[in-house]
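See below for upload-v2.csv, which holds CSV, C-alpha atoms.
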```
chain,number,residue,atom,x,y,z
A,1,ASN,CA,37.4,-1.6,3.6
A,2,THR,CA,34.0,-3.3,3.7
A,3,HIS,CA,32.8,-4.7,7.0
A,4,TYR,CA,30.6,-7.7,7.3
A,5,SER,CA,28.7,-9.6,10.0
A,6,TYR,CA,27.8,-13.3,9.6
A,7,ASP,CA,25.2,-15.0,11.9
A,8,ARG,CA,25.7,-18.8,11.8
A,9,ALA,CA,22.3,-19.5,13.2
A,10,THR,CA,20.3,-17.5,10.7
A,11,LYS,CA,22.9,-17.8,7.9
A,12,PHE,CA,22.8,-14.1,7.0
A,13,LEU,CA,25.9,-12.2,5.8
A,14,ILE,CA,25.3,-8.5,6.4
A,15,SER,CA,27.2,-5.5,5.1
A,16,LEU,CA,27.8,-3.3,8.1
A,17,ASP,CA,28.5,-0.4,5.7
A,18,THR,CA,25.3,-0.5,3.6
A,19,LYS,CA,23.2,-2.3,6.2
A,20,SER,CA,22.0,-4.7,3.6
A,21,ILE,CA,21.9,-8.4,3.0
A,22,VAL,CA,24.9,-9.7,1.0
A,23,ILE,CA,24.2,-13.5,1.3
A,24,HIS,CA,21.5,-15.6,2.8
A,25,ALA,CA,23.1,-19.0,2.8
A,26,ASP,CA,19.8,-20.9,3.4
A,27,ALA,CA,18.7,-21.1,-0.2
A,28,GLY,CA,15.7,-23.4,0.5
A,29,ALA,CA,14.2,-21.4,3.4
A,30,THR,CA,10.5,-21.0,3.1
A,31,GLU,CA,9.8,-18.7,6.1
A,32,ILE,CA,12.2,-15.8,6.3
A,33,VAL,CA,12.7,-13.7,9.5
A,34,LEU,CA,14.9,-10.8,8.3
A,35,PRO,CA,17.5,-9.8,10.9
A,36,GLU,CA,17.5,-6.6,12.9
A,37,GLY,CA,20.1,-4.1,11.8
A,38,ILE,CA,19.4,-4.2,8.0
A,39,ALA,CA,18.0,-1.0,6.4
A,40,SER,CA,17.3,-2.3,2.9
A,41,LEU,CA,16.9,-5.5,1.0
A,42,GLY,CA,17.9,-4.8,-2.6
A,43,GLY,CA,16.7,-7.4,-5.0
A,44,PHE,CA,18.2,-10.4,-3.2
A,45,TYR,CA,15.0,-12.4,-3.0
A,46,LYS,CA,13.6,-11.4,-6.4
A,47,GLY,CA,12.2,-14.5,-8.2
A,48,ASN,CA,12.7,-16.8,-5.2
A,49,GLU,CA,9.9,-19.4,-5.6
A,50,ASN,CA,10.5,-21.1,-2.2
A,51,ILE,CA,9.6,-18.3,0.2
A,52,THR,CA,6.1,-18.5,1.7
A,53,LYS,CA,6.3,-15.9,4.6
A,54,VAL,CA,8.5,-12.9,5.3
A,55,THR,CA,8.8,-11.1,8.7
A,56,PHE,CA,10.4,-7.6,8.4
A,57,PRO,CA,12.6,-6.1,11.1
A,58,LYS,CA,12.1,-2.7,12.9
A,59,SER,CA,15.4,-1.4,11.4
A,60,LEU,CA,14.2,-1.6,7.8
A,61,THR,CA,13.6,1.7,6.1
A,62,ILE,CA,12.4,0.6,2.7
A,63,ILE,CA,11.2,-2.6,1.0
A,64,ASP,CA,13.1,-2.1,-2.2
A,65,GLU,CA,11.9,-1.9,-5.7
A,66,ASN,CA,11.3,-5.5,-7.1
A,67,ALA,CA,12.3,-6.9,-3.7
A,68,PHE,CA,10.0,-9.9,-3.9
A,69,LYS,CA,8.8,-9.7,-7.4
A,70,GLY,CA,8.1,-13.1,-8.8
A,71,CYS,CA,8.1,-14.8,-5.4
A,72,SER,CA,5.0,-16.8,-6.5
A,73,ALA,CA,4.8,-18.9,-3.3
A,74,LEU,CA,4.8,-15.9,-1.0
A,75,THR,CA,1.5,-15.8,0.8
A,76,GLU,CA,2.1,-13.8,4.0
A,77,ILE,CA,4.1,-10.7,5.0
A,78,VAL,CA,4.5,-9.5,8.6
A,79,PHE,CA,5.3,-5.8,9.1
A,80,PRO,CA,7.2,-4.6,12.2
A,81,VAL,CA,5.2,-3.4,15.2
A,82,TYR,CA,6.7,-0.3,16.9
A,83,ALA,CA,6.1,0.3,20.6
A,84,ASP,CA,4.7,3.7,21.8
A,85,GLY,CA,7.5,6.2,21.6
A,86,GLU,CA,9.5,4.3,19.0
A,87,THR,CA,10.1,6.0,15.7
A,88,ALA,CA,8.8,3.9,12.7
A,89,THR,CA,11.6,3.7,10.2
A,90,LEU,CA,9.9,1.6,7.5
A,91,THR,CA,8.2,4.4,5.5
A,92,GLU,CA,8.3,3.1,1.9
A,93,ILE,CA,7.3,0.1,-0.2
A,94,GLY,CA,9.1,0.3,-3.6
A,95,ALA,CA,7.7,-0.2,-7.1
A,96,SER,CA,6.8,-3.8,-7.9
A,97,ALA,CA,8.0,-4.9,-4.5
A,98,PHE,CA,5.3,-7.7,-4.3
A,99,ASP,CA,4.5,-7.9,-8.0
A,100,THR,CA,3.4,-11.4,-9.0
A,101,THR,CA,3.3,-13.0,-5.5
A,102,GLY,CA,0.8,-15.3,-3.9
A,103,LEU,CA,-0.2,-12.8,-1.1
A,104,VAL,CA,-3.7,-13.5,0.2
A,105,ASN,CA,-4.5,-10.6,2.7
A,106,VAL,CA,-2.4,-7.5,3.0
A,107,THR,CA,-2.6,-4.8,5.7
A,108,ILE,CA,-0.4,-1.7,5.2
A,109,PRO,CA,0.6,-0.1,8.5
A,110,ALA,CA,-0.3,3.5,9.1
A,111,TYR,CA,3.4,4.5,9.3
A,112,VAL,CA,4.0,3.6,5.6
A,113,GLN,CA,4.1,7.0,3.7
A,114,ILE,CA,4.9,5.9,0.1
A,115,ILE,CA,3.9,2.9,-2.1
A,116,GLY,CA,5.5,2.6,-5.5
A,117,ASP,CA,3.8,1.9,-8.8
A,118,LYS,CA,2.7,-1.7,-9.4
A,119,ALA,CA,3.7,-2.7,-5.9
A,120,PHE,CA,1.0,-5.4,-5.6
A,121,GLN,CA,0.0,-6.0,-9.3
A,122,TYR,CA,-0.6,-9.5,-10.5
A,123,THR,CA,-1.4,-10.8,-7.1
A,124,ALA,CA,-3.9,-13.3,-8.3
A,125,SER,CA,-4.7,-14.8,-4.9
A,126,LEU,CA,-5.2,-11.5,-3.1
A,127,ASN,CA,-8.5,-11.3,-1.3
A,128,GLU,CA,-8.3,-8.2,0.8
A,129,PHE,CA,-6.1,-5.1,0.9
A,130,VAL,CA,-6.4,-2.8,3.9
A,131,VAL,CA,-4.6,0.5,4.7
A,132,GLU,CA,-4.7,1.1,8.5
A,133,LYS,CA,-6.6,4.0,10.0
A,134,ASP,CA,-4.7,7.3,10.3
A,135,SER,CA,-2.3,6.2,7.6
A,136,GLU,CA,0.4,8.6,6.4
A,137,LEU,CA,-0.3,7.5,2.8
A,138,THR,CA,-1.4,10.4,0.5
A,139,VAL,CA,-1.1,8.9,-3.0
A,140,ILE,CA,-2.5,5.6,-4.4
A,141,PRO,CA,0.0,4.8,-7.1
A,142,GLN,CA,-0.5,3.7,-10.7
A,143,TYR,CA,-1.3,0.0,-11.2
A,144,LEU,CA,-1.2,-0.6,-7.4
A,145,LEU,CA,-3.6,-3.6,-7.6
A,146,ALA,CA,-3.8,-4.0,-11.4
A,147,TYR,CA,-4.5,-7.5,-12.7
A,148,SER,CA,-4.9,-8.8,-9.1
A,149,GLY,CA,-7.6,-11.0,-7.6
A,150,VAL,CA,-8.5,-8.5,-4.9
A,151,LYS,CA,-12.1,-8.4,-3.8
A,152,ASN,CA,-12.2,-5.7,-1.1
A,153,VAL,CA,-10.0,-2.6,-0.6
A,154,TYR,CA,-10.1,-0.2,2.4
A,155,PHE,CA,-8.0,2.9,2.6
A,156,ASN,CA,-8.8,4.1,6.1
A,157,GLY,CA,-9.0,1.0,8.2
A,158,LYS,CA,-11.5,-1.8,7.7
A,159,THR,CA,-14.2,-0.5,10.0
A,160,GLU,CA,-13.7,3.2,9.9
A,161,LYS,CA,-16.1,5.6,8.0
A,162,GLY,CA,-14.2,8.7,7.3
A,163,VAL,CA,-11.8,10.5,5.0
A,164,SER,CA,-8.2,9.4,4.8
A,165,LYS,CA,-5.2,11.6,4.0
A,166,ILE,CA,-5.3,10.4,0.4
A,167,THR,CA,-5.4,13.2,-2.1
A,168,GLU,CA,-4.9,11.3,-5.3
A,169,VAL,CA,-5.7,7.9,-6.7
A,170,ARG,CA,-3.6,7.5,-9.9
A,171,ALA,CA,-4.4,5.9,-13.2
A,172,TYR,CA,-5.1,2.2,-13.5
A,173,ALA,CA,-4.8,1.6,-9.7
A,174,PHE,CA,-7.3,-1.2,-10.0
A,175,SER,CA,-7.1,-2.0,-13.7
A,176,ASN,CA,-8.4,-5.4,-14.7
A,177,SER,CA,-9.0,-6.5,-11.1
A,178,LYS,CA,-12.1,-8.3,-12.2
A,179,SER,CA,-13.1,-9.8,-8.8
A,180,LEU,CA,-13.3,-6.4,-7.1
A,181,ASN,CA,-16.5,-5.8,-5.1
A,182,LEU,CA,-15.7,-2.7,-3.1
A,183,VAL,CA,-13.1,0.1,-3.0
A,184,ASP,CA,-13.6,2.1,0.1
A,185,CYS,CA,-11.6,5.0,-1.4
A,186,TYR,CA,-13.4,8.2,-0.8
A,187,TYR,CA,-10.9,11.1,-0.4
A,188,LEU,CA,-10.7,14.8,-0.7
A,189,CYS,CA,-9.2,16.7,-3.6
A,190,ALA,CA,-8.0,20.3,-3.4
A,191,CYS,CA,-9.6,22.4,-6.0
A,192,GLU,CA,-8.6,25.7,-7.6
A,193,ASP,CA,-11.5,27.5,-5.7
A,194,GLY,CA,-9.8,26.8,-2.4
A,195,PHE,CA,-12.3,24.3,-1.1
A,196,TYR,CA,-12.1,20.5,-1.0
A,197,LEU,CA,-14.2,18.3,-3.3
A,198,LEU,CA,-15.1,14.8,-2.2
A,199,VAL,CA,-14.1,12.4,-4.9
A,200,ILE,CA,-16.0,9.1,-5.1
A,201,ASP,CA,-15.1,6.4,-7.5
A,202,ARG,CA,-18.8,5.4,-8.2
A,203,LYS,CA,-17.8,2.3,-10.2
A,204,TYR,CA,-16.7,0.6,-7.1
A,205,LYS,CA,-18.9,2.1,-4.4
A,206,LYS,CA,-21.8,0.5,-2.6
A,207,THR,CA,-24.9,2.7,-2.7
A,208,GLU,CA,-25.3,2.9,1.1
A,209,ILE,CA,-21.7,4.2,1.4
A,210,ILE,CA,-22.2,6.8,-1.3
A,211,LYS,CA,-25.2,8.1,0.6
A,212,GLU,CA,-23.4,8.3,3.9
A,213,ILE,CA,-20.5,10.2,2.4
A,214,GLN,CA,-22.7,12.6,0.5
A,215,GLN,CA,-24.5,13.4,3.8
A,216,ILE,CA,-21.3,14.1,5.6
A,217,PHE,CA,-19.9,16.3,2.9
A,218,LYS,CA,-23.1,17.7,1.6
A,219,LYS,CA,-21.9,21.3,1.6
A,220,HIS,CA,-18.8,20.5,-0.4
A,221,ILE,CA,-20.8,18.6,-3.0
A,222,GLU,CA,-23.5,21.3,-3.2
A,223,LYS,CA,-20.8,24.0,-3.7
A,224,TYR,CA,-19.2,21.9,-6.4
A,225,GLU,CA,-22.5,21.4,-8.2
A,226,GLU,CA,-23.1,25.2,-8.0
A,227,GLN,CA,-19.7,25.8,-9.6
A,228,VAL,CA,-20.3,23.3,-12.3
A,229,GLU,CA,-23.7,24.9,-13.1
A,230,LYS,CA,-22.1,28.3,-13.3
A,231,ARG,CA,-18.9,27.5,-15.2
A,232,GLY,CA,-19.3,24.1,-16.5
A,233,LYS,CA,-16.4,22.5,-14.7
A,234,VAL,CA,-14.1,22.7,-11.7
A,235,THR,CA,-10.6,21.6,-12.2
A,236,CYS,CA,-9.1,19.5,-9.5
```

This entry written out as structure tokens:
Amino acid sequence: NTHYSYDRATKFLISLDTKSIVIHADAGATEIVLPEGIASLGGFYKGNENITKVTFPKSLTIIDENAFKGCSALTEIVFPVYADGETATLTEIGASAFDTTGLVNVTIPAYVQIIGDKAFQYTASLNEFVVEKDSELTVIPQYLLAYSGVKNVYFNGKTEKGVSKITEVRAYAFSNSKSLNLVDCYYLCACEDGFYLLVIDRKYKKTEIIKEIQQIFKKHIEKYEEQVEKRGKVTC
């Protein structure tokens, strides 16, 4: 037997077995505060053109694939804040979760470990995309911000100068994001020689930042250049 819980105030019908939303009876709601106790969303809100703001609960473990895809009026998302000592359960944002939304500024909490392909593509109103300092994120997925209006992207906090845990920026992550001014995305790539090579996407780097990074990792860069001179190429 399936067990359900219905809250008359919030108008949510929740499956206690799957910990997911079955019905949200307030079809015209614009600001959604998702109830504690749910672990996933499914595609319940996909294509909803009324939603402008969503607040996620601490109990959530994943923002599902396509969860808010096509929610064109959605301009703001609020991630849960966990107290010291609390275990962060929300670790994944699924593929195309916020594809074709109206988001303006996005800050990904440090506890998010995985972001799926195309999660924020076609976000035409997007201005800034920030991944918090000390993030658990290691891979920037394909088409993450493709065809978006994003201007500035930071992968290790907005004011930090240092290398994040990111080891890979995948193909077309910023494809056709024509308003892009800066991608603060320097990261280390493990090479076959056993050392780490600093990878800089020069197309989107400001000169002063390139110089700063080169100074910090001068030895790595010099070693890489030596290897290139000797063998022609180092595979990463």

**Q.** Nearest to His3 of chain A, chosen from A:Glu36, A:Asp17, A:Glu31, A:Asp26, with only C-alpha atoms counted in the distances
**A.** A:Asp17

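Rounded to one decimal, atom CA of Gly102 of chain A and atom CA of Tyr143 of chain A lie 17.1 Å from each other.
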
(Q) If we draw a sphere of 8 Å around (4.4, -15.7, -0.1), which residues have at least one atom in it when counting all atoms listed in the file? Please report them as a PyMOL selection string. (A) chain A and resi 51-54+71-77+101-103

Q: Considering only C-alpha atoms, return as a VMD selection string whatever protein or nucleic-acid residues lie within 9 Å of Leu41 of chain A, sequence-local ones (same chain, fewer than 5 positions apart) excluded.
A: chain A and resid 19 to 21 60 62 to 64 67

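Interatomic distance, atom CA of Asn66 of chain A against atom CA of Lys46 of chain A: 6.4 Å.
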
Q. Do you know which residues are at most 9 Å from segment 133-137 of chain A counting all atoms listed in the file, after dropping those on the same chain fewer than 3 positions away, and could you put them as a ChimeraX atom specification?
A. /A:91,108-115,140,155-160,164-166

Q: For atom CA of Tyr154 of chain A and atom CA of Val130 of chain A, quote the distance in Å rounded to one decimal.
A: 4.8 Å

Draw an axis-aligned box over all listed atoms of segment 141-149 of chain A, pad each side with 3 Å, and write its centre and edge lengths in Å, one decimal, as AutoDock Vina command-line options.
```
--center_x -3.8 --center_y -3.1 --center_z -9.9 --size_x 13.6 --size_y 21.8 --size_z 11.6
```

Q: Taking (-9.8, -17.3, -8.5) in the file's own coordinates, collect the residues within 8 Å, counting all atoms listed in the file, and hand them back as number ranges by chain.
A: A: 124-125, 149

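Checking A:Ala173, A:Val131, A:Val106, A:Ala83 one by one against Lys118 of chain A, counting only C-alpha atoms, you find the shortest gap at A:Ala173.
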
Q: Find the residues near Gly47 of chain A: any atom within 8 Å, counting all atoms listed in the file, skip ones fewer than 2 places away on the same chain, and give them as a PyMOL selection string.
A: chain A and resi 45+49+68-72

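With distances taken over all atoms listed in the file, A:Asn181 is the one residue among A:Thr55, A:Thr10, A:Asn181, A:Thr167 lying closest to Asn152 of chain A.
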
Q) So, counting all atoms listed in the file, which residue among A:Pro57, A:Gly94, A:Gly28, A:Gly42 is closest to Phe79 of chain A? A) A:Pro57

(Q) Considering only C-alpha atoms, can you say which of A:Asn127, A:Ser148, A:Thr138, A:Thr87 comes closest to Thr107 of chain A? (A) A:Asn127

Please output segment 86-99 of chain A, rebuilt to include N, CA, C and O atoms, as a PDB file, in the coordinates of the input.
```pdb
ATOM      1  N   GLU A  86       8.481   4.722  19.996  1.00  0.00           N
ATOM      2  CA  GLU A  86       9.500   4.300  19.000  1.00  0.00           C
ATOM      3  C   GLU A  86       9.183   5.025  17.671  1.00  0.00           C
ATOM      4  O   GLU A  86       8.030   5.202  17.290  1.00  0.00           O
ATOM      5  N   THR A  87      10.255   5.390  16.970  1.00  0.00           N
ATOM      6  CA  THR A  87      10.100   6.000  15.700  1.00  0.00           C
ATOM      7  C   THR A  87      10.017   4.910  14.597  1.00  0.00           C
ATOM      8  O   THR A  87      10.907   4.067  14.497  1.00  0.00           O
ATOM      9  N   ALA A  88       8.958   4.922  13.817  1.00  0.00           N
ATOM     10  CA  ALA A  88       8.800   3.900  12.700  1.00  0.00           C
ATOM     11  C   ALA A  88       9.746   4.332  11.599  1.00  0.00           C
ATOM     12  O   ALA A  88       9.669   5.437  11.067  1.00  0.00           O
ATOM     13  N   THR A  89      10.633   3.427  11.225  1.00  0.00           N
ATOM     14  CA  THR A  89      11.600   3.700  10.200  1.00  0.00           C
ATOM     15  C   THR A  89      11.187   3.216   8.807  1.00  0.00           C
ATOM     16  O   THR A  89      11.636   3.713   7.783  1.00  0.00           O
ATOM     17  N   LEU A  90      10.316   2.210   8.784  1.00  0.00           N
ATOM     18  CA  LEU A  90       9.900   1.600   7.500  1.00  0.00           C
ATOM     19  C   LEU A  90       8.788   2.538   6.915  1.00  0.00           C
ATOM     20  O   LEU A  90       7.626   2.474   7.315  1.00  0.00           O
ATOM     21  N   THR A  91       9.157   3.388   5.984  1.00  0.00           N
ATOM     22  CA  THR A  91       8.200   4.400   5.500  1.00  0.00           C
ATOM     23  C   THR A  91       7.865   4.169   3.983  1.00  0.00           C
ATOM     24  O   THR A  91       6.960   4.824   3.476  1.00  0.00           O
ATOM     25  N   GLU A  92       8.566   3.264   3.303  1.00  0.00           N
ATOM     26  CA  GLU A  92       8.300   3.100   1.900  1.00  0.00           C
ATOM     27  C   GLU A  92       8.335   1.700   1.379  1.00  0.00           C
ATOM     28  O   GLU A  92       9.161   0.883   1.789  1.00  0.00           O
ATOM     29  N   ILE A  93       7.391   1.409   0.499  1.00  0.00           N
ATOM     30  CA  ILE A  93       7.300   0.100  -0.200  1.00  0.00           C
ATOM     31  C   ILE A  93       7.605   0.470  -1.686  1.00  0.00           C
ATOM     32  O   ILE A  93       6.866   1.243  -2.297  1.00  0.00           O
ATOM     33  N   GLY A  94       8.665  -0.076  -2.246  1.00  0.00           N
ATOM     34  CA  GLY A  94       9.100   0.300  -3.600  1.00  0.00           C
ATOM     35  C   GLY A  94       8.222  -0.260  -4.701  1.00  0.00           C
ATOM     36  O   GLY A  94       7.396  -1.155  -4.494  1.00  0.00           O
ATOM     37  N   ALA A  95       8.428   0.271  -5.888  1.00  0.00           N
ATOM     38  CA  ALA A  95       7.700  -0.200  -7.100  1.00  0.00           C
ATOM     39  C   ALA A  95       7.858  -1.655  -7.313  1.00  0.00           C
ATOM     40  O   ALA A  95       8.968  -2.186  -7.188  1.00  0.00           O
ATOM     41  N   SER A  96       6.775  -2.333  -7.615  1.00  0.00           N
ATOM     42  CA  SER A  96       6.800  -3.800  -7.900  1.00  0.00           C
ATOM     43  C   SER A  96       7.369  -4.647  -6.830  1.00  0.00           C
ATOM     44  O   SER A  96       7.793  -5.768  -7.083  1.00  0.00           O
ATOM     45  N   ALA A  97       7.365  -4.141  -5.597  1.00  0.00           N
ATOM     46  CA  ALA A  97       8.000  -4.900  -4.500  1.00  0.00           C
ATOM     47  C   ALA A  97       7.355  -6.262  -4.290  1.00  0.00           C
ATOM     48  O   ALA A  97       8.048  -7.233  -3.976  1.00  0.00           O
ATOM     49  N   PHE A  98       6.025  -6.375  -4.485  1.00  0.00           N
ATOM     50  CA  PHE A  98       5.300  -7.700  -4.300  1.00  0.00           C
ATOM     51  C   PHE A  98       4.569  -8.055  -5.564  1.00  0.00           C
ATOM     52  O   PHE A  98       3.583  -8.798  -5.507  1.00  0.00           O
ATOM     53  N   ASP A  99       5.047  -7.580  -6.676  1.00  0.00           N
ATOM     54  CA  ASP A  99       4.500  -7.900  -8.000  1.00  0.00           C
ATOM     55  C   ASP A  99       4.561  -9.400  -8.243  1.00  0.00           C
ATOM     56  O   ASP A  99       5.613 -10.020  -8.036  1.00  0.00           O
TER      57      ASP A  99
END
```
